[in-house]
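Text of the file upload.txt, holding compact mmCIF, C-alpha atoms:
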```
# COMPACT_ATOMS: atom_id res chain seq x y z
CA MET A 1 -51.16 33.72 31.63
CA ALA A 2 -51.13 30.50 29.60
CA ASN A 3 -54.49 31.43 28.10
CA ARG A 4 -53.20 34.84 27.03
CA ARG A 5 -50.10 33.23 25.51
CA SER A 6 -52.19 30.75 23.53
CA LEU A 7 -54.31 33.62 22.26
CA TRP A 8 -51.25 35.50 20.93
CA LEU A 9 -49.82 32.37 19.30
CA GLY A 10 -53.14 31.60 17.65
CA LEU A 11 -53.43 35.20 16.40
CA GLY A 12 -49.90 35.03 14.96
CA LEU A 13 -50.72 31.76 13.22
CA ALA A 14 -53.91 33.20 11.74
CA LEU A 15 -52.06 36.27 10.42
CA THR A 16 -49.36 34.09 8.90
CA LEU A 17 -51.93 31.93 7.13
CA ALA A 18 -53.80 35.02 5.87
CA ALA A 19 -50.58 36.55 4.53
CA THR A 20 -49.69 33.29 2.78
CA TRP A 21 -53.14 33.03 1.21
CA TYR A 22 -52.94 36.67 0.07
CA ALA A 23 -49.43 36.21 -1.40
CA ALA A 24 -50.55 33.11 -3.32
CA GLY A 25 -53.37 35.04 -4.96
CA VAL A 26 -51.30 38.07 -6.03
CA ASP A 27 -50.01 38.06 -9.63
CA ASP A 28 -46.24 38.34 -9.90
CA VAL A 29 -46.17 41.82 -11.37
CA GLY A 30 -42.78 42.75 -9.96
CA GLU A 31 -40.80 40.07 -11.78
CA GLU A 32 -39.59 42.58 -14.34
CA LEU A 33 -38.02 44.59 -11.53
CA LEU A 34 -36.21 41.55 -10.18
CA ALA A 35 -34.91 40.38 -13.55
CA ALA A 36 -31.20 40.78 -14.25
CA PRO A 37 -30.42 44.17 -15.75
CA GLN A 38 -29.32 44.26 -19.37
CA ARG A 39 -25.65 45.00 -19.67
CA THR A 40 -24.57 47.66 -22.07
CA ALA A 41 -21.15 48.43 -23.34
CA PRO A 42 -19.17 50.34 -20.70
CA ALA A 43 -18.74 53.99 -21.35
CA ALA A 44 -15.37 55.18 -22.47
CA ARG A 45 -13.14 56.08 -19.58
CA PRO A 46 -12.42 59.73 -19.21
CA GLN A 47 -8.86 60.69 -20.00
CA VAL A 48 -7.19 62.27 -17.01
CA THR A 49 -4.23 64.39 -17.95
CA GLY A 50 -2.00 66.23 -15.57
CA VAL A 51 -4.49 66.71 -12.73
CA SER A 52 -5.67 63.80 -10.60
CA ALA A 53 -9.35 63.15 -10.17
CA VAL A 54 -9.14 63.95 -6.47
CA GLY A 55 -7.84 67.44 -7.14
CA SER A 56 -10.21 67.91 -10.06
CA THR A 57 -12.75 70.71 -10.10
CA ASN A 58 -15.38 68.38 -11.57
CA PRO A 59 -17.59 67.28 -8.61
CA SER A 60 -18.70 64.05 -10.34
CA ALA A 61 -15.11 62.87 -11.00
CA PRO A 62 -14.78 60.79 -7.79
CA ARG A 63 -18.10 59.06 -8.51
CA GLU A 64 -17.02 58.28 -12.08
CA LEU A 65 -13.75 56.80 -10.86
CA GLU A 66 -15.61 54.75 -8.25
CA ALA A 67 -17.99 53.46 -10.92
CA GLN A 68 -15.06 52.52 -13.17
CA ARG A 69 -13.34 50.75 -10.31
CA MET A 70 -16.48 48.78 -9.49
CA THR A 71 -17.13 47.69 -13.09
CA ARG A 72 -13.55 46.62 -13.76
CA LYS A 73 -13.47 42.88 -14.37
CA GLY A 74 -11.29 40.89 -12.03
CA GLY A 75 -10.30 37.27 -11.89
CA ASP A 76 -12.49 34.43 -10.70
CA LEU A 77 -13.01 35.08 -7.00
CA PHE A 78 -14.12 31.53 -6.29
CA ALA A 79 -11.60 29.61 -8.36
CA THR A 80 -10.47 26.36 -6.79
CA LEU A 81 -6.93 26.48 -5.52
CA SER A 82 -4.84 23.52 -4.48
CA TRP A 83 -1.73 23.48 -2.37
CA GLN A 84 -0.76 20.10 -3.78
CA PRO A 85 2.28 20.24 -6.07
CA PRO A 86 1.45 19.85 -9.73
CA PRO A 87 1.74 16.30 -11.02
CA PRO A 88 5.08 15.49 -12.60
CA PRO A 89 5.21 15.52 -16.37
CA PRO A 90 4.79 12.10 -17.94
CA ALA A 91 8.04 10.25 -18.16
CA ALA A 92 9.52 9.96 -21.58
CA VAL A 93 9.29 6.40 -22.79
CA ALA A 94 12.75 5.08 -23.39
CA PRO A 95 13.15 3.33 -26.69
CA ALA A 96 13.10 -0.42 -26.30
CA SER A 97 16.50 -1.98 -26.34
CA PRO A 98 17.13 -4.48 -29.11
CA PRO A 99 16.68 -8.12 -28.13
CA ARG A 100 19.72 -9.82 -26.71
CA ALA A 101 20.77 -13.41 -26.52
CA PRO A 102 20.17 -15.08 -23.15
CA GLU A 103 23.00 -16.02 -20.89
CA LEU A 104 24.77 -19.19 -21.99
CA PRO A 105 23.12 -22.25 -20.41
CA TYR A 106 26.33 -24.28 -20.67
CA ARG A 107 29.12 -24.81 -18.15
CA TYR A 108 32.66 -25.73 -19.09
CA LEU A 109 33.69 -29.15 -17.76
CA GLY A 110 36.93 -29.73 -19.66
CA ARG A 111 38.60 -30.12 -23.03
CA MET A 112 40.71 -32.60 -24.89
CA GLU A 113 42.81 -32.55 -28.06
CA GLU A 114 42.43 -35.45 -30.43
CA ASP A 115 44.16 -35.62 -33.84
CA GLY A 116 44.81 -31.85 -33.76
CA ARG A 117 41.16 -31.05 -33.07
CA VAL A 118 39.95 -29.67 -29.77
CA ILE A 119 36.93 -31.32 -28.15
CA ALA A 120 35.08 -29.56 -25.32
CA PHE A 121 32.93 -31.08 -22.64
CA LEU A 122 29.96 -28.98 -21.57
CA ALA A 123 27.18 -29.43 -19.04
CA GLU A 124 23.76 -27.86 -19.57
CA GLY A 125 21.93 -26.59 -16.49
CA ALA A 126 21.76 -29.23 -13.72
CA GLN A 127 22.58 -32.14 -16.04
CA GLN A 128 25.38 -34.34 -14.82
CA LEU A 129 26.10 -36.02 -18.16
CA PRO A 130 28.63 -34.08 -20.23
CA ARG A 131 27.89 -33.02 -23.77
CA VAL A 132 30.78 -33.50 -26.19
CA VAL A 133 31.06 -30.74 -28.80
CA ARG A 134 33.40 -30.04 -31.70
CA GLN A 135 33.78 -27.07 -33.98
CA GLY A 136 30.73 -26.80 -36.29
CA ASP A 137 28.37 -28.81 -34.05
CA LEU A 138 24.81 -27.63 -33.52
CA LEU A 139 23.35 -27.39 -30.01
CA PRO A 140 19.76 -26.35 -29.24
CA ASN A 141 19.66 -22.67 -30.40
CA TYR A 142 23.49 -22.50 -30.62
CA ARG A 143 26.19 -23.30 -33.15
CA VAL A 144 29.80 -23.96 -32.10
CA ASP A 145 31.92 -21.66 -34.28
CA GLU A 146 35.37 -22.05 -32.80
CA ILE A 147 37.14 -23.88 -29.97
CA THR A 148 40.57 -22.65 -28.85
CA SER A 149 42.75 -23.32 -25.84
CA LEU A 150 41.30 -20.23 -24.08
CA GLY A 151 37.60 -20.70 -24.79
CA MET A 152 34.96 -21.23 -27.40
CA ARG A 153 32.80 -19.00 -29.58
CA LEU A 154 29.13 -19.89 -30.00
CA THR A 155 26.43 -18.19 -32.07
CA TYR A 156 22.91 -17.80 -30.72
CA LEU A 157 20.99 -18.79 -33.85
CA PRO A 158 17.61 -16.98 -33.37
CA LEU A 159 19.40 -13.59 -33.24
CA ASN A 160 22.65 -14.59 -34.99
CA GLU A 161 24.54 -13.08 -32.04
CA PRO A 162 28.00 -14.42 -31.14
CA GLN A 163 28.83 -15.30 -27.52
CA ARG A 164 32.01 -16.49 -25.83
CA LEU A 165 32.49 -19.15 -23.18
CA LEU A 166 35.92 -18.84 -21.61
CA PHE A 167 37.49 -21.98 -20.21
CA GLY A 168 38.12 -21.85 -16.53
CA SER A 169 35.20 -19.43 -15.99
CA THR A 170 31.75 -20.11 -14.68
CA PRO A 171 28.66 -18.58 -16.23
```

Now that the file is in, can you turn its structure into structure tokens?
Amino acid sequence: MANRRSLWLGLGLALTLAATWYAAGVDDVGEELLAAPQRTAPAARPQVTGVSAVGSTNPSAPRELEAQRMTRKGGDLFATLSWQPPPPPPAAVAPASPPRAPELPYRYLGRMEEDGRVIAFLAEGAQQLPRVVRQGDLLPNYRVDEITSLGMRLTYLPLNEPQRLLFGSTP
């Protein structure tokens, strides 16, 4: 039984090798038949008026309609589809706000009137020593414009922007 099986397998192998050798030696004559057919302009569709093609007396009418239906171009059958929502539109860039003066670095410590002029005592940041200022004095980046009993008006010099420091308030 095993001998008979080996004989059949060997015969099958020999036939396969012979067919391969034969196919390698044959010229490819049939390539013209396998080439893509040349497309021509589609024929004008017949005008159907009044009577449907099914009820038509023309026996080739159903075949013509079938041919038209088969040649009708459709959409891309293999288009990629995504269930992800579309990305949001790019956010509109808000116009940049004009530069503003920083918060006042000075704290109000007290005031005093001397010869009809008001003198204010200010502290800068964590400094413990008071800074004595009068109307018209220049501080780093600031000018003291006015000192009243309610507060003082300073101008931030790089932007020429006025700021107020009210007495009794903390920055």

Calculate, to one decimal in Å, the centre and edge lengths of the box along x, y and z of the file that holds all listed atoms of segment 157-168 of chain A with 6 Å of margin on each side, and present them as JSON.
```
{"center_x": 27.9, "center_y": -17.5, "center_z": -25.8, "size_x": 32.5, "size_y": 20.9, "size_z": 30.5}
```

message: One decimal, in Å: what's the spacing between atom CA of Pro99 of chain A and atom CA of Val132 of chain A?
response: 29.1 Å

- prompt: Counting all atoms listed in the file, what is within 9 Å of Gly168 of chain A, bar same-chain residues fewer than 3 positions away, as a VMD selection string?
  reply: chain A and resid 108 to 110 150 to 151

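Near segment 93-98 of chain A, within a cut-off of 12 Å and counting only C-alpha atoms, sit the residues Pro89, Leu159 and Glu161 of chain A, with same-chain residues fewer than 4 positions away left out.
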
message: Given the point (38.3, -30.1, -30.9) in the file's coordinates, find the residues that have an atom at most 10 Å from it, counting all atoms listed in the file, and give them as a PyMOL selection string.
response: chain A and resi 111-121+132-136+146-149

- request: Record the distance separating atom CA of Asn160 of chain A and atom CA of Pro102 of chain A, expressed in Å with one decimal.
  value: 12.1 Å

field: Which of A:Ala79, A:Trp8, A:Leu104, A:Leu15 sits closest to Pro162 of chain A [using all atoms listed in the file]
entry: A:Leu104

field: Residue among A:Ala91, A:Leu9, A:Leu139, A:Val26 lying closest to Glu124 of chain A, counting all atoms listed in the file
entry: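 Of all the options, A:Leu139 lies closest to Glu124 of chain A.
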
task: Just give me the residues with any atom within 8 Å of (28.1, -20.4, -24.5), file coordinates, counting only C-alpha atoms, written as a list in words.
output: Glu103, Leu104, Pro105, Tyr106, Arg107, Tyr142, Met152, Arg153, Leu154, Gln163, Arg164 and Leu165 of chain A

Would you mind exporting the chosen residues as a PDB file, in the frame of the given file, restricted to C-alpha atoms?
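The resulting file, out.pdb, is reproduced below:
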```
ATOM      1  CA  GLU A 103      23.000 -16.020 -20.890  1.00  0.00           C
ATOM      2  CA  LEU A 104      24.770 -19.190 -21.990  1.00  0.00           C
ATOM      3  CA  PRO A 105      23.120 -22.250 -20.410  1.00  0.00           C
ATOM      4  CA  TYR A 106      26.330 -24.280 -20.670  1.00  0.00           C
ATOM      5  CA  ARG A 107      29.120 -24.810 -18.150  1.00  0.00           C
ATOM      6  CA  TYR A 142      23.490 -22.500 -30.620  1.00  0.00           C
ATOM      7  CA  MET A 152      34.960 -21.230 -27.400  1.00  0.00           C
ATOM      8  CA  ARG A 153      32.800 -19.000 -29.580  1.00  0.00           C
ATOM      9  CA  LEU A 154      29.130 -19.890 -30.000  1.00  0.00           C
ATOM     10  CA  GLN A 163      28.830 -15.300 -27.520  1.00  0.00           C
ATOM     11  CA  ARG A 164      32.010 -16.490 -25.830  1.00  0.00           C
ATOM     12  CA  LEU A 165      32.490 -19.150 -23.180  1.00  0.00           C
TER      13      LEU A 165
END
```

- request: Would you kindly return, as a list in words, each protein, DNA or RNA residue with an atom no farther than 8 Å from any atom of Asn141 of chain A, considering all atoms listed in the file and excluding same-chain residues fewer than 6 positions away?
  value: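 Here the qualifying residues turn out to be Tyr156, Leu157 and Pro158 of chain A.
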
Two-atom distance - atom CA of Ala19 of chain A, atom CA of Arg4 of chain A (Å):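 Distance reported for this atom pair: 22.7 Å.
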
From the block I gave, I'd like segment 80-96 of chain A written with all heavy atoms, as a CSV table (one decimal), in the first residue's frame.
```csv
chain,number,residue,atom,x,y,z
A,80,THR,N,-12.3,55.2,2.1
A,80,THR,CA,-12.1,55.0,3.5
A,80,THR,C,-13.1,55.9,4.2
A,80,THR,O,-13.3,57.1,3.9
A,80,THR,CB,-10.7,55.4,3.9
A,80,THR,OG1,-10.4,56.8,3.5
A,80,THR,CG2,-9.6,54.5,3.3
A,81,LEU,N,-13.8,55.3,5.2
A,81,LEU,CA,-14.7,56.0,6.0
A,81,LEU,C,-14.3,56.0,7.4
A,81,LEU,O,-13.7,55.0,7.9
A,81,LEU,CB,-16.1,55.3,5.9
A,81,LEU,CG,-16.7,55.3,4.5
A,81,LEU,CD1,-18.0,54.5,4.5
A,81,LEU,CD2,-17.0,56.7,4.0
A,82,SER,N,-14.6,57.0,8.1
A,82,SER,CA,-14.2,57.1,9.5
A,82,SER,C,-15.4,57.5,10.3
A,82,SER,O,-16.2,58.4,9.9
A,82,SER,CB,-13.1,58.2,9.7
A,82,SER,OG,-12.8,58.4,11.1
A,83,TRP,N,-15.5,56.9,11.5
A,83,TRP,CA,-16.6,57.2,12.4
A,83,TRP,C,-16.2,58.3,13.4
A,83,TRP,O,-17.0,58.7,14.2
A,83,TRP,CB,-17.1,56.0,13.1
A,83,TRP,CG,-17.7,55.0,12.1
A,83,TRP,CD1,-17.2,53.9,11.6
A,83,TRP,CD2,-19.0,55.1,11.5
A,83,TRP,NE1,-18.1,53.3,10.8
A,83,TRP,CE2,-19.2,54.0,10.6
A,83,TRP,CE3,-20.0,56.1,11.6
A,83,TRP,CZ2,-20.3,53.8,9.9
A,83,TRP,CZ3,-21.2,55.9,10.8
A,83,TRP,CH2,-21.3,54.8,10.0
A,84,GLN,N,-14.9,58.7,13.3
A,84,GLN,CA,-14.4,59.7,14.2
A,84,GLN,C,-15.1,61.1,13.8
A,84,GLN,O,-15.3,61.3,12.6
A,84,GLN,CB,-12.9,59.9,14.1
A,84,GLN,CG,-12.2,58.7,14.5
A,84,GLN,CD,-12.2,58.5,16.0
A,84,GLN,OE1,-12.3,59.4,16.8
A,84,GLN,NE2,-12.2,57.2,16.4
A,85,PRO,N,-15.4,61.9,14.7
A,85,PRO,CA,-16.0,63.2,14.3
A,85,PRO,C,-14.9,64.0,13.6
A,85,PRO,O,-13.7,63.9,13.9
A,85,PRO,CB,-16.4,63.9,15.7
A,85,PRO,CG,-15.6,63.1,16.7
A,85,PRO,CD,-15.3,61.7,16.2
A,86,PRO,N,-15.3,64.9,12.8
A,86,PRO,CA,-14.3,65.7,12.1
A,86,PRO,C,-13.6,66.6,13.1
A,86,PRO,O,-14.2,67.0,14.1
A,86,PRO,CB,-15.2,66.6,11.1
A,86,PRO,CG,-16.5,66.6,11.6
A,86,PRO,CD,-16.7,65.3,12.4
A,87,PRO,N,-12.4,66.9,12.8
A,87,PRO,CA,-11.6,67.8,13.7
A,87,PRO,C,-12.3,69.2,13.8
A,87,PRO,O,-12.9,69.6,12.8
A,87,PRO,CB,-10.2,67.9,13.1
A,87,PRO,CG,-10.4,67.5,11.7
A,87,PRO,CD,-11.6,66.6,11.6
A,88,PRO,N,-12.2,69.8,14.9
A,88,PRO,CA,-12.8,71.1,15.0
A,88,PRO,C,-12.1,72.1,14.2
A,88,PRO,O,-10.9,72.0,13.9
A,88,PRO,CB,-12.7,71.5,16.5
A,88,PRO,CG,-11.5,70.7,17.0
A,88,PRO,CD,-11.6,69.4,16.2
A,89,PRO,N,-12.8,73.1,13.7
A,89,PRO,CA,-12.1,74.2,12.9
A,89,PRO,C,-11.1,74.9,13.8
A,89,PRO,O,-11.2,74.9,15.0
A,89,PRO,CB,-13.2,75.1,12.5
A,89,PRO,CG,-14.3,74.9,13.5
A,89,PRO,CD,-14.2,73.5,13.9
A,90,PRO,N,-10.0,75.3,13.2
A,90,PRO,CA,-9.0,76.0,14.0
A,90,PRO,C,-9.6,77.2,14.7
A,90,PRO,O,-10.4,78.0,14.1
A,90,PRO,CB,-7.9,76.4,12.9
A,90,PRO,CG,-8.6,76.3,11.6
A,90,PRO,CD,-9.7,75.3,11.7
A,91,ALA,N,-9.1,77.4,15.9
A,91,ALA,CA,-9.6,78.5,16.7
A,91,ALA,C,-9.1,79.8,16.1
A,91,ALA,O,-8.0,79.9,15.7
A,91,ALA,CB,-9.2,78.4,18.1
A,92,ALA,N,-10.0,80.8,16.1
A,92,ALA,CA,-9.6,82.1,15.7
A,92,ALA,C,-8.7,82.7,16.7
A,92,ALA,O,-8.9,82.7,17.9
A,92,ALA,CB,-10.8,83.0,15.5
A,93,VAL,N,-7.6,83.2,16.2
A,93,VAL,CA,-6.6,83.8,17.1
A,93,VAL,C,-7.1,85.2,17.5
A,93,VAL,O,-7.4,86.1,16.7
A,93,VAL,CB,-5.2,83.9,16.4
A,93,VAL,CG1,-4.2,84.6,17.3
A,93,VAL,CG2,-4.8,82.6,15.9
A,94,ALA,N,-7.2,85.3,18.8
A,94,ALA,CA,-7.7,86.6,19.4
A,94,ALA,C,-6.6,87.6,19.2
A,94,ALA,O,-5.4,87.3,19.4
A,94,ALA,CB,-8.1,86.4,20.8
A,95,PRO,N,-7.0,88.8,18.9
A,95,PRO,CA,-5.9,89.8,18.8
A,95,PRO,C,-5.3,90.1,20.1
A,95,PRO,O,-5.9,90.0,21.2
A,95,PRO,CB,-6.7,91.1,18.3
A,95,PRO,CG,-8.1,90.8,18.7
A,95,PRO,CD,-8.3,89.4,18.7
A,96,ALA,N,-4.0,90.3,20.1
A,96,ALA,CA,-3.3,90.5,21.4
A,96,ALA,C,-3.7,91.7,22.0
A,96,ALA,O,-3.9,92.8,21.4
A,96,ALA,CB,-1.8,90.5,21.1
```
